[in-house]
Amino acid sequence: MQSLNITPSVGMIACCECGVAITPNQANMCSGCLRSRVDITEGITKTCTIYMCKFCDRYFVPPSAWMRAELESKELLSICLKKLKPMLTKVRLTDACFVWTEAHSKRIKVKITIQKEVFTSTILQQSVVVEFSVASQLCDDCRRAEAKDFWRACVQVRQRAEFKKTLFYLEQLLLKHSAHKECTGVKPVPTGIDFYFAKQQEARKFVDFLNTVLPCKYHYAQELISHDTKNNTYDYKHTFCVEIVPICRDNIVCLPKKIAQQFGNMSQIVICLRVSNVITLIDPNNLQLVDVQGTNFWRDPFDALCGPKQLTEFYVLDVDVIDNFERKAGHGYVSKRHQLADVWLVRSDQVGMSDAQTLSARTHLGHLLSPGDLVMAFDLKNCNVNNATFDAMNNENVPDAIIVKKVFDRNRRAQKRQWKLKRLVVDGNIVGNETASVADEFIGFMEDIEEDVLMREKINIYKDQEKIERRMGEATDDEDEVPDAPTLAEMLDDLNFNDDEMPPETSGNVGEEDEEAMQE
């Protein structure tokens, strides 16, 4: 008996729109007519706006975050899709990609592919291009930075000294190492400079730099600005008070007897040679040098006996150079740059008087002095000093005078100076150069640089092209004695933004001449 195989078949119907034979469905329409009649993208906006900070190039991510993203990156795609997320709740997102746009058009186009079940067992897929407009909006960090009076951390640099030579030296170090690039503001005060930062970490990094280049100490304090009890968050303002040692170059220092013995049996009255990351002291009686670390100074501090304002101008009568000087056992390092000499002095306003008082002094400047020179010295024989350590000294160990430096012609030095220093400029103004007295102190700082080779090695010195060209056209007269200025090898070329036209080629052998110049 033969079996009967019955195969079921589905009847075909005609589409109600175009008449094409299709399998029966609830809409009685083919897929093409269904796609043209039903739009599953009607709830999705075709234009949208995203916000970007024009200073830091970060995009805003609701509710309060900011994210850095490159063009056509997955991070930027996620930011755009998060903007469309409320509109995609009733559809299924299957694909998303960028459509190319010009980088400067402030437009970002994203093509998304979505699916939606329009009828039972009927899923429709469509693609749509959404155009995002990029609008500018300041982020919170840039808004605070743009506000001139905003700061989260402050570094207060202070030095209790009459002269600002150490602060001028600090200014040149900041310019060389660009340590102030994170500052949101710089404000000069009578005793120092205030540096403002937007973050506490940047202020701590700046304090670490100061501890590296100068002998100083600091104190930390914080002030509560606001407190959110619900989120348990605190907002503080941080302050770092950095105190630099109150000793400057050319200061006469009176050491306690115990500290002088620890430094190699030095004399108690010494001269500050320079202040860098250490305090360099020299004994004018035996040329001993000692470098005092900042930690050692704050453990056993000592005061300056006098500053540059208390110095008096003296006339040199005679100089007796000491060649073979016998030092005591246990002495420290002896300077090779200086020469020991006995000098007889008289006040410059008493030269030629019969009753002029003659003073004798031992100095470390024997290699510079000769009879007839002028020097700046401190008259210990006729002075009135308020210092307990000096009062406790034996009168036999106190010299008549202490010679600090030799006097040169200031106008002559300014004419021969072919170099310059850059200044710390904030908002178009030079920091700390408001008065004529401060400007005069800065000229004195430049004169110290001419006399100290070690100080010149740690800062940037630039060529002054105008003075160099002027000196080349003038007849030079080198009879006047001035200190050796920085050589051209120590100077840097200043940055010039003037666009000068290239000279035309005059011959066909220019390439060979250039190769020879490069080899030289």
# chains A, B, ... in the order shown; residues from 1 in each chain; ligands from 1
$ select_by_dssp --residues "stretch 120-345 of chain A" --states "alpha helix (DSSP H)" --output "ChimeraX atom specification"
/A:140-146,165-177,200-213,257-262,294-299
$ select_by_dssp --residues "stretch 306-499 of chain A" --states "strand (DSSP E or B)" --output "number ranges by chain"
A: 306, 312-321, 333-334, 339, 341-347, 358-363, 365, 374-379, 401-406, 419-420, 425-426, 429-430, 461-463, 491-492
$ residues_around --residues "A:Phe209" --least-positions-apart "2" --cutoff "12 Å" --atoms "only C-alpha atoms" --output "PyMOL selection string"
chain A and resi 155+170+173-174+177-180+202-207+211-217+242+277
$ closest_atom_pairs --of "stretch 197-314 of chain A" --to "stretch 452-472 of chain A" --cutoff "10 Å" --atoms "only C-alpha atoms" --output "CSV"
residue,atom,partner,partner_atom,distance
A:Val213,CA,A:Lys458,CA,9.9
A:Leu273,CA,A:Asp452,CA,9.1
A:Arg274,CA,A:Met455,CA,8.1
A:Val275,CA,A:Met455,CA,9.1
A:Ser276,CA,A:Met455,CA,7.9
$ closest_atom_pairs --of "stretch 301-407 of chain A" --to "stretch 256-265 of chain A" --cutoff "8 Å" --atoms "only C-alpha atoms" --output "JSON lines"
{"residue": "A:Phe302", "atom": "CA", "partner": "A:Pro256", "partner_atom": "CA", "distance": 7.5}
{"residue": "A:Gly330", "atom": "CA", "partner": "A:Gly264", "partner_atom": "CA", "distance": 5.9}
{"residue": "A:His331", "atom": "CA", "partner": "A:Gly264", "partner_atom": "CA", "distance": 4.6}
{"residue": "A:Gly332", "atom": "CA", "partner": "A:Gly264", "partner_atom": "CA", "distance": 4.9}
{"residue": "A:Thr389", "atom": "CA", "partner": "A:Pro256", "partner_atom": "CA", "distance": 6.1}
$ write_last_selection --atoms "all heavy atoms" --output "compact mmCIF listing (two decimals), in the first residue's frame"
# COMPACT_ATOMS: atom_id res chain seq x y z
N PHE A 302 72.53 82.33 62.53
CA PHE A 302 73.37 83.48 62.86
C PHE A 302 72.87 84.66 62.03
O PHE A 302 72.28 84.50 60.96
CB PHE A 302 74.86 83.20 62.59
CG PHE A 302 75.13 82.56 61.27
CD1 PHE A 302 75.26 83.31 60.11
CD2 PHE A 302 75.27 81.17 61.18
CE1 PHE A 302 75.52 82.72 58.90
CE2 PHE A 302 75.53 80.57 59.95
CZ PHE A 302 75.65 81.35 58.81
N GLY A 330 94.15 72.03 61.26
CA GLY A 330 92.71 71.77 61.24
C GLY A 330 91.91 72.77 60.44
O GLY A 330 90.68 72.82 60.57
N HIS A 331 92.59 73.59 59.61
CA HIS A 331 91.86 74.58 58.83
C HIS A 331 91.09 73.88 57.71
O HIS A 331 91.42 72.76 57.28
CB HIS A 331 92.82 75.63 58.28
CG HIS A 331 93.81 75.08 57.28
ND1 HIS A 331 93.52 74.89 55.95
CD2 HIS A 331 95.10 74.68 57.44
CE1 HIS A 331 94.57 74.40 55.33
NE2 HIS A 331 95.55 74.26 56.21
N GLY A 332 90.12 74.57 57.17
CA GLY A 332 89.28 74.02 56.12
C GLY A 332 89.81 74.33 54.73
O GLY A 332 91.01 74.61 54.53
N THR A 389 76.58 88.52 69.95
CA THR A 389 77.78 87.72 69.64
C THR A 389 78.99 88.62 69.43
O THR A 389 80.10 88.32 69.88
CB THR A 389 77.53 86.86 68.39
OG1 THR A 389 76.34 86.08 68.58
CG2 THR A 389 78.70 85.94 68.13
$ closest_residue --among "A:Tyr315, A:Leu365, A:Ala392, A:Gln357" --to "A:Ser335" --atoms "only C-alpha atoms"
A:Leu365
$ atom_distance --atom1 "atom CA of A:Leu124" --atom2 "atom CA of A:Ile108"
26.5 Å
$ residues_around --residues "stretch 135-137 of chain A" --least-positions-apart "2" --cutoff "7 Å" --atoms "only C-alpha atoms" --output "mmCIF file with C-alpha atoms, in the first residue's frame"
data_model
loop_
_atom_site.group_PDB
_atom_site.id
_atom_site.type_symbol
_atom_site.label_atom_id
_atom_site.label_comp_id
_atom_site.auth_asym_id
_atom_site.auth_seq_id
_atom_site.Cartn_x
_atom_site.Cartn_y
_atom_site.Cartn_z
ATOM 1 C CA THR A 49 24.731 69.890 20.448
ATOM 2 C CA ILE A 50 27.792 68.854 22.418
ATOM 3 C CA TYR A 51 30.060 71.195 24.366
ATOM 4 C CA MET A 52 33.840 71.475 24.215
ATOM 5 C CA CYS A 53 36.210 73.642 26.282
ATOM 6 C CA LYS A 54 38.281 75.773 23.908
ATOM 7 C CA SER A 133 27.208 70.848 16.562
ATOM 8 C CA CYS A 139 35.136 73.800 31.959
#
$ residues_around --residues "stretch 24-38 of chain A" --least-positions-apart "3" --cutoff "12 Å" --atoms "only C-alpha atoms" --output "NGL selection string"
:A and (10-21 or 41-42 or 115-127)
$ write_last_selection --atoms "N, CA, C and O atoms" --output "compact mmCIF listing (two decimals), in the first residue's frame"
# COMPACT_ATOMS: atom_id res chain seq x y z
N VAL A 10 2.16 27.34 2.06
CA VAL A 10 1.60 28.60 2.51
C VAL A 10 1.12 29.35 1.30
O VAL A 10 1.86 29.52 0.31
N GLY A 11 -0.02 29.86 1.41
CA GLY A 11 -0.58 30.59 0.29
C GLY A 11 0.01 31.98 0.17
O GLY A 11 0.39 32.61 1.17
N MET A 12 0.18 32.45 -1.00
CA MET A 12 0.74 33.76 -1.27
C MET A 12 -0.39 34.75 -1.50
O MET A 12 -1.45 34.40 -2.05
N ILE A 13 -0.15 35.97 -1.05
CA ILE A 13 -1.13 37.03 -1.26
C ILE A 13 -0.44 38.18 -1.96
O ILE A 13 0.80 38.26 -1.99
N ALA A 14 -1.22 39.04 -2.50
CA ALA A 14 -0.67 40.21 -3.17
C ALA A 14 -0.54 41.37 -2.18
O ALA A 14 -1.41 41.56 -1.31
N CYS A 15 0.58 42.13 -2.33
CA CYS A 15 0.79 43.32 -1.48
C CYS A 15 -0.32 44.31 -1.76
O CYS A 15 -0.67 44.56 -2.93
N CYS A 16 -0.83 44.90 -0.70
CA CYS A 16 -1.95 45.83 -0.86
C CYS A 16 -1.52 47.14 -1.50
O CYS A 16 -2.37 47.95 -1.89
N GLU A 17 -0.22 47.38 -1.61
CA GLU A 17 0.26 48.62 -2.18
C GLU A 17 0.78 48.46 -3.59
O GLU A 17 0.38 49.18 -4.51
N CYS A 18 1.68 47.47 -3.76
CA CYS A 18 2.30 47.31 -5.08
C CYS A 18 1.88 46.05 -5.80
O CYS A 18 2.21 45.87 -6.98
N GLY A 19 1.15 45.08 -5.17
CA GLY A 19 0.66 43.87 -5.81
C GLY A 19 1.67 42.78 -5.92
O GLY A 19 1.40 41.76 -6.59
N VAL A 20 2.81 42.87 -5.33
CA VAL A 20 3.82 41.81 -5.37
C VAL A 20 3.37 40.67 -4.47
O VAL A 20 2.82 40.89 -3.38
N ALA A 21 3.61 39.41 -4.93
CA ALA A 21 3.22 38.25 -4.14
C ALA A 21 4.12 38.13 -2.92
O ALA A 21 5.35 38.07 -3.04
N THR A 41 12.62 55.87 12.99
CA THR A 41 13.55 56.88 13.48
C THR A 41 12.86 58.20 13.79
O THR A 41 13.54 59.22 13.97
N GLU A 42 11.53 58.19 13.86
CA GLU A 42 10.82 59.46 14.04
C GLU A 42 11.04 60.04 15.43
O GLU A 42 10.92 61.24 15.64
N GLN A 115 17.20 48.86 14.99
CA GLN A 115 16.17 47.86 14.67
C GLN A 115 15.00 48.02 15.63
O GLN A 115 15.19 48.40 16.79
N LYS A 116 13.81 47.68 15.08
CA LYS A 116 12.61 47.76 15.90
C LYS A 116 11.57 46.79 15.36
O LYS A 116 11.41 46.64 14.13
N GLU A 117 10.88 46.12 16.28
CA GLU A 117 9.80 45.19 15.88
C GLU A 117 8.52 46.00 15.70
O GLU A 117 7.90 46.43 16.68
N VAL A 118 8.13 46.17 14.44
CA VAL A 118 6.94 46.99 14.14
C VAL A 118 5.65 46.17 14.30
O VAL A 118 4.61 46.68 14.71
N PHE A 119 5.69 44.87 13.91
CA PHE A 119 4.57 43.94 14.09
C PHE A 119 5.11 42.65 14.67
O PHE A 119 6.33 42.50 14.84
N THR A 120 4.24 41.75 14.96
CA THR A 120 4.66 40.47 15.51
C THR A 120 5.51 39.74 14.49
O THR A 120 5.08 39.54 13.33
N SER A 121 6.73 39.38 14.90
CA SER A 121 7.70 38.70 14.06
C SER A 121 8.09 39.53 12.85
O SER A 121 8.55 38.98 11.84
N THR A 122 7.92 40.85 12.96
CA THR A 122 8.33 41.73 11.87
C THR A 122 9.28 42.78 12.43
O THR A 122 8.87 43.65 13.21
N ILE A 123 10.56 42.63 12.09
CA ILE A 123 11.62 43.53 12.60
C ILE A 123 12.11 44.38 11.44
O ILE A 123 12.45 43.85 10.37
N LEU A 124 12.14 45.68 11.68
CA LEU A 124 12.54 46.62 10.65
C LEU A 124 13.87 47.26 11.07
O LEU A 124 14.08 47.61 12.23
N GLN A 125 14.79 47.39 10.12
CA GLN A 125 16.12 47.99 10.36
C GLN A 125 16.29 49.21 9.47
O GLN A 125 16.05 49.12 8.26
N GLN A 126 16.75 50.31 10.05
CA GLN A 126 16.96 51.55 9.31
C GLN A 126 18.23 52.24 9.82
O GLN A 126 18.66 52.00 10.95
N SER A 127 18.81 53.11 8.99
CA SER A 127 19.99 53.89 9.33
C SER A 127 19.64 55.37 9.25
O SER A 127 18.84 55.78 8.40
$ atom_distance --atom1 "atom CA of A:Thr184" --atom2 "atom CA of A:Val157"
15.7 Å
$ atom_distance --atom1 "atom CA of A:Asp140" --atom2 "atom CA of A:Lys181"
19.7 Å
$ residues_around --residues "A:Ala69" --least-positions-apart "4" --cutoff "12 Å" --atoms "only C-alpha atoms" --output "NGL selection string"
:A and (52-53 or 56-61 or 73-80)
$ write_last_selection --atoms "C-alpha atoms" --output "PDB file, in the first residue's frame"
ATOM      1  CA  MET A  52      33.840  71.475  24.215  1.00  0.00           C
ATOM      2  CA  CYS A  53      36.210  73.642  26.282  1.00  0.00           C
ATOM      3  CA  CYS A  56      41.807  72.355  27.241  1.00  0.00           C
ATOM      4  CA  ASP A  57      39.938  70.673  24.294  1.00  0.00           C
ATOM      5  CA  ARG A  58      37.827  68.504  26.574  1.00  0.00           C
ATOM      6  CA  TYR A  59      34.214  67.498  25.929  1.00  0.00           C
ATOM      7  CA  PHE A  60      31.412  67.787  28.447  1.00  0.00           C
ATOM      8  CA  VAL A  61      29.971  64.493  29.711  1.00  0.00           C
ATOM      9  CA  SER A  73      37.864  58.267  18.364  1.00  0.00           C
ATOM     10  CA  LYS A  74      35.897  55.737  20.344  1.00  0.00           C
ATOM     11  CA  GLU A  75      35.813  58.112  23.311  1.00  0.00           C
ATOM     12  CA  LEU A  76      34.139  60.812  21.192  1.00  0.00           C
ATOM     13  CA  LEU A  77      31.711  58.231  19.780  1.00  0.00           C
ATOM     14  CA  SER A  78      30.719  57.188  23.301  1.00  0.00           C
ATOM     15  CA  ILE A  79      30.098  60.847  24.224  1.00  0.00           C
ATOM     16  CA  CYS A  80      27.829  61.286  21.189  1.00  0.00           C
TER      17      CYS A  80
END
$ closest_residue --among "A:Asp318, A:Glu313, A:Asp291, A:Asp355" --to "A:Tyr333" --atoms "only C-alpha atoms"
A:Asp291
